[in-house]
Amino acid sequence: REGRKRTQMKFEKERHVQYFAYCLQSLPAPYSALDTNRLTLVHFAVQSLDLLGVFHNDNLLTSSLRISKDAIIEWIYSLYTRVDTANSCYNAHVGFKGGTFLGPPMDSKGGEKKSGYVGWEYDHGHIAMTYTALATLATLGDDLSRIDKQSILEGIKGLQRDDGSFQCISVGSEHDMRFLYCACAISSMLHNWSAINIPAATSYITSCKSYDGAFALIPGQEGHGGSTFCAVASLKLMGQLEHVLIRDRTWFWSLVRWCVARQIKGMQGRPNKNEDTCYSYWIGGALSLLLQANASFENNSCNSNNNDGEQQSVSDHLLDLPSLKEYVL
């Protein structure tokens, strides 16, 4: 690539703001297939607008973009599902569902659904939707006071399996690294870790280690960018990252090497796959968490006279950042 002139790309902030604002108002017809995940789409739009600084400009929100934070908050609370265990015929747990298609909305002020309603098979909380709901509410400035936090935690606790992984719903579902991460994120946001058996969760994460140091979604599968981020982030949230990964120098450097090797211009999710914008996020996030933890470990290490040839600090040039920026833009 020597001598190749790089194209100067500009981040079109205003166009991004308009796009995400539009997504909060209306989506193209093909998105109807994602109605049960509508809460996740709102999460992406809200977090993006927050990163773009929109929620600090009330005049821009109300006058130009016509976005009401209060209206979004009320809509999210309408998806909050309480379970009357005495009357409900379904083994469902408290939490947030992904969209109104799954059942009648809850009174957003904290009341119950219409009298006589006892639920149906799919009207219950979902661990990923509960994660995105809490994250979005927090971003919008809600204090979460309308949430029965203990019931949510009890529901999360009931989703953990004997192998340490988590299901996404209580009526039987897939279980893998994604939902373990959601459980950790929920516990962190609620400042209560009573719902998670941390040793079992940590053991499950280590059981998903691939031969190349990356993490798979479930034991025995290929290492993957998304599951690697979920594993590293979960260990970080549980306070286990240094114990499991950073102190194991062989594994740590293997994983760093695996992450760095995923760059083409953008990042690929696994070997022999095309580069992808979302994996640029997952791989970049995992690498950032690893390097931050490693820097803290080295700074706090009592062994200041390290003679094994390892760098005392990780290089800032592991990735071709200009190429990564060019690809993403």
# chains A, B, ... in the order shown; residues from 1 in each chain; ligands from 1
$ residues_around --residues "A:Tyr22" --least-positions-apart "6" --cutoff "10 Å" --atoms "only C-alpha atoms" --output "PyMOL selection string"
chain A and resi 16+45+65-67
$ write_last_selection --atoms "N, CA and C atoms" --output "PDB file, in the first residue's frame"
ATOM      1  N   HIS A  16     -26.419  11.593   9.607  1.00  0.00           N
ATOM      2  CA  HIS A  16     -26.633  10.498  10.553  1.00  0.00           C
ATOM      3  C   HIS A  16     -27.707  10.864  11.572  1.00  0.00           C
ATOM      4  N   ALA A  45     -31.051   3.333  17.728  1.00  0.00           N
ATOM      5  CA  ALA A  45     -31.262   4.713  17.309  1.00  0.00           C
ATOM      6  C   ALA A  45     -30.976   5.688  18.443  1.00  0.00           C
ATOM      7  N   LEU A  65     -36.008  17.963  15.189  1.00  0.00           N
ATOM      8  CA  LEU A  65     -36.138  16.517  15.015  1.00  0.00           C
ATOM      9  C   LEU A  65     -37.480  15.979  15.498  1.00  0.00           C
ATOM     10  N   ARG A  66     -38.166  16.748  16.333  1.00  0.00           N
ATOM     11  CA  ARG A  66     -39.467  16.352  16.868  1.00  0.00           C
ATOM     12  C   ARG A  66     -39.391  15.020  17.595  1.00  0.00           C
ATOM     13  N   ILE A  67     -38.380  14.918  18.428  1.00  0.00           N
ATOM     14  CA  ILE A  67     -38.194  13.727  19.256  1.00  0.00           C
ATOM     15  C   ILE A  67     -38.539  14.069  20.697  1.00  0.00           C
TER      16      ILE A  67
END
$ select_by_dssp --residues "stretch 33-199 of chain A" --states "strand (DSSP E or B)" --output "ChimeraX atom specification"
/A:80-81,95-96,160,166-167,175-176
$ write_last_selection --atoms "N, CA and C atoms" --output "PDB file, in the first residue's frame"
ATOM      1  N   TYR A  80     -43.055  -3.290  29.485  1.00  0.00           N
ATOM      2  CA  TYR A  80     -42.641  -3.902  30.742  1.00  0.00           C
ATOM      3  C   TYR A  80     -43.697  -4.922  31.149  1.00  0.00           C
ATOM      4  N   THR A  81     -43.284  -6.157  31.356  1.00  0.00           N
ATOM      5  CA  THR A  81     -44.210  -7.247  31.635  1.00  0.00           C
ATOM      6  C   THR A  81     -44.077  -7.712  33.071  1.00  0.00           C
ATOM      7  N   GLY A  95     -39.898  -8.697  33.008  1.00  0.00           N
ATOM      8  CA  GLY A  95     -38.891  -8.072  32.162  1.00  0.00           C
ATOM      9  C   GLY A  95     -39.551  -7.277  31.062  1.00  0.00           C
ATOM     10  N   PHE A  96     -38.830  -7.031  29.997  1.00  0.00           N
ATOM     11  CA  PHE A  96     -39.354  -6.282  28.859  1.00  0.00           C
ATOM     12  C   PHE A  96     -39.442  -7.191  27.638  1.00  0.00           C
ATOM     13  N   GLN A 160     -30.508 -18.839  34.346  1.00  0.00           N
ATOM     14  CA  GLN A 160     -29.173 -19.432  34.311  1.00  0.00           C
ATOM     15  C   GLN A 160     -29.269 -20.950  34.381  1.00  0.00           C
ATOM     16  N   PHE A 166     -26.953 -18.750  29.983  1.00  0.00           N
ATOM     17  CA  PHE A 166     -28.280 -18.198  30.214  1.00  0.00           C
ATOM     18  C   PHE A 166     -29.174 -18.415  28.999  1.00  0.00           C
ATOM     19  N   GLN A 167     -30.449 -18.752  29.284  1.00  0.00           N
ATOM     20  CA  GLN A 167     -31.478 -18.751  28.257  1.00  0.00           C
ATOM     21  C   GLN A 167     -31.930 -17.316  28.034  1.00  0.00           C
ATOM     22  N   HIS A 175     -29.461 -20.936  24.260  1.00  0.00           N
ATOM     23  CA  HIS A 175     -28.670 -20.413  25.380  1.00  0.00           C
ATOM     24  C   HIS A 175     -27.225 -20.344  24.935  1.00  0.00           C
ATOM     25  N   ASP A 176     -26.623 -19.169  25.080  1.00  0.00           N
ATOM     26  CA  ASP A 176     -25.242 -19.002  24.638  1.00  0.00           C
ATOM     27  C   ASP A 176     -24.643 -17.740  25.234  1.00  0.00           C
TER      28      ASP A 176
END
$ select_by_dssp --residues "stretch 85-237 of chain A" --states "alpha helix (DSSP H)" --output "ChimeraX atom specification"
/A:127-139,149-159,177-189,198-207,225-237
$ residues_around --residues "A:Ile264" --least-positions-apart "5" --cutoff "9 Å" --atoms "only C-alpha atoms" --output "ChimeraX atom specification"
/A:274-275,323-324
$ closest_residue --among "A:Tyr131, A:Tyr122, A:Ala138, A:Asn197" --to "A:Met238" --atoms "only C-alpha atoms"
A:Asn197
$ residues_around --residues "A:Asp162" --least-positions-apart "6" --cutoff "10 Å" --atoms "only C-alpha atoms" --output "PyMOL selection string"
chain A and resi 197+200-201+204
$ closest_residue --among "A:Met267, A:Ala195, A:Leu287, A:Leu137" --to "A:Thr228" --atoms "only C-alpha atoms"
A:Leu287
$ decode --residues "stretch 213-225 of chain A" --atoms "all heavy atoms" --output "JSON list (two decimals), in the first residue's frame"
[["chain", "number", "residue", "atom", "x", "y", "z"],
["A", 213, "GLY", "N", -7.66, -19.12, 20.73],
["A", 213, "GLY", "CA", -7.75, -18.15, 21.81],
["A", 213, "GLY", "C", -9.01, -17.33, 21.82],
["A", 213, "GLY", "O", -9.30, -16.66, 22.81],
["A", 214, "ALA", "N", -9.77, -17.33, 20.74],
["A", 214, "ALA", "CA", -11.02, -16.57, 20.68],
["A", 214, "ALA", "C", -12.13, -17.33, 21.40],
["A", 214, "ALA", "O", -11.95, -18.46, 21.87],
["A", 214, "ALA", "CB", -11.41, -16.31, 19.23],
["A", 215, "PHE", "N", -13.31, -16.71, 21.48],
["A", 215, "PHE", "CA", -14.44, -17.32, 22.17],
["A", 215, "PHE", "C", -15.55, -17.64, 21.18],
["A", 215, "PHE", "O", -15.87, -16.84, 20.29],
["A", 215, "PHE", "CB", -14.99, -16.39, 23.25],
["A", 215, "PHE", "CG", -14.08, -16.20, 24.42],
["A", 215, "PHE", "CD1", -13.21, -15.11, 24.47],
["A", 215, "PHE", "CD2", -14.09, -17.09, 25.49],
["A", 215, "PHE", "CE1", -12.38, -14.93, 25.55],
["A", 215, "PHE", "CE2", -13.26, -16.92, 26.57],
["A", 215, "PHE", "CZ", -12.39, -15.83, 26.61],
["A", 216, "ALA", "N", -16.16, -18.80, 21.38],
["A", 216, "ALA", "CA", -17.32, -19.20, 20.58],
["A", 216, "ALA", "C", -18.60, -18.89, 21.34],
["A", 216, "ALA", "O", -18.58, -18.57, 22.53],
["A", 216, "ALA", "CB", -17.24, -20.70, 20.28],
["A", 217, "LEU", "N", -19.74, -19.00, 20.66],
["A", 217, "LEU", "CA", -21.03, -18.80, 21.32],
["A", 217, "LEU", "C", -21.33, -19.91, 22.30],
["A", 217, "LEU", "O", -21.88, -19.68, 23.38],
["A", 217, "LEU", "CB", -22.15, -18.73, 20.28],
["A", 217, "LEU", "CG", -22.30, -17.40, 19.53],
["A", 217, "LEU", "CD1", -23.33, -17.54, 18.41],
["A", 217, "LEU", "CD2", -22.70, -16.28, 20.47],
["A", 218, "ILE", "N", -20.97, -21.14, 21.93],
["A", 218, "ILE", "CA", -21.16, -22.30, 22.79],
["A", 218, "ILE", "C", -19.89, -23.15, 22.73],
["A", 218, "ILE", "O", -19.10, -23.02, 21.79],
["A", 218, "ILE", "CB", -22.39, -23.13, 22.37],
["A", 218, "ILE", "CG1", -22.20, -23.68, 20.96],
["A", 218, "ILE", "CG2", -23.67, -22.31, 22.46],
["A", 218, "ILE", "CD1", -23.34, -24.61, 20.50],
["A", 219, "PRO", "N", -19.67, -24.03, 23.70],
["A", 219, "PRO", "CA", -18.45, -24.85, 23.69],
["A", 219, "PRO", "C", -18.34, -25.68, 22.41],
["A", 219, "PRO", "O", -19.32, -26.23, 21.90],
["A", 219, "PRO", "CB", -18.63, -25.75, 24.91],
["A", 219, "PRO", "CG", -19.52, -24.96, 25.83],
["A", 219, "PRO", "CD", -20.46, -24.23, 24.92],
["A", 220, "GLY", "N", -17.13, -25.74, 21.87],
["A", 220, "GLY", "CA", -16.85, -26.58, 20.73],
["A", 220, "GLY", "C", -17.02, -25.91, 19.38],
["A", 220, "GLY", "O", -16.67, -26.50, 18.36],
["A", 221, "GLN", "N", -17.54, -24.68, 19.36],
["A", 221, "GLN", "CA", -17.72, -23.98, 18.09],
["A", 221, "GLN", "C", -16.50, -23.12, 17.77],
["A", 221, "GLN", "O", -15.57, -22.97, 18.56],
["A", 221, "GLN", "CB", -18.97, -23.11, 18.13],
["A", 221, "GLN", "CG", -20.26, -23.87, 17.95],
["A", 221, "GLN", "CD", -21.43, -22.94, 17.67],
["A", 221, "GLN", "OE1", -21.36, -21.73, 17.88],
["A", 221, "GLN", "NE2", -22.53, -23.51, 17.19],
["A", 222, "GLU", "N", -16.54, -22.54, 16.57],
["A", 222, "GLU", "CA", -15.47, -21.67, 16.10],
["A", 222, "GLU", "C", -15.51, -20.32, 16.83],
["A", 222, "GLU", "O", -16.58, -19.80, 17.14],
["A", 222, "GLU", "CB", -15.67, -21.45, 14.60],
["A", 222, "GLU", "CG", -14.65, -20.53, 13.94],
["A", 222, "GLU", "CD", -14.96, -20.29, 12.47],
["A", 222, "GLU", "OE1", -16.08, -20.63, 12.03],
["A", 222, "GLU", "OE2", -14.08, -19.77, 11.77],
["A", 223, "GLY", "N", -14.32, -19.76, 17.09],
["A", 223, "GLY", "CA", -14.24, -18.43, 17.68],
["A", 223, "GLY", "C", -14.89, -17.40, 16.77],
["A", 223, "GLY", "O", -14.81, -17.49, 15.54],
["A", 224, "HIS", "N", -15.51, -16.38, 17.36],
["A", 224, "HIS", "CA", -16.34, -15.45, 16.61],
["A", 224, "HIS", "C", -16.22, -14.06, 17.24],
["A", 224, "HIS", "O", -16.10, -13.93, 18.45],
["A", 224, "HIS", "CB", -17.79, -15.95, 16.64],
["A", 224, "HIS", "CG", -18.76, -15.18, 15.81],
["A", 224, "HIS", "ND1", -19.34, -14.02, 16.24],
["A", 224, "HIS", "CD2", -19.23, -15.42, 14.57],
["A", 224, "HIS", "CE1", -20.16, -13.57, 15.30],
["A", 224, "HIS", "NE2", -20.11, -14.40, 14.27],
["A", 225, "GLY", "N", -16.26, -13.02, 16.41],
["A", 225, "GLY", "CA", -16.08, -11.66, 16.91],
["A", 225, "GLY", "C", -17.13, -11.24, 17.91],
["A", 225, "GLY", "O", -16.83, -10.64, 18.95]]
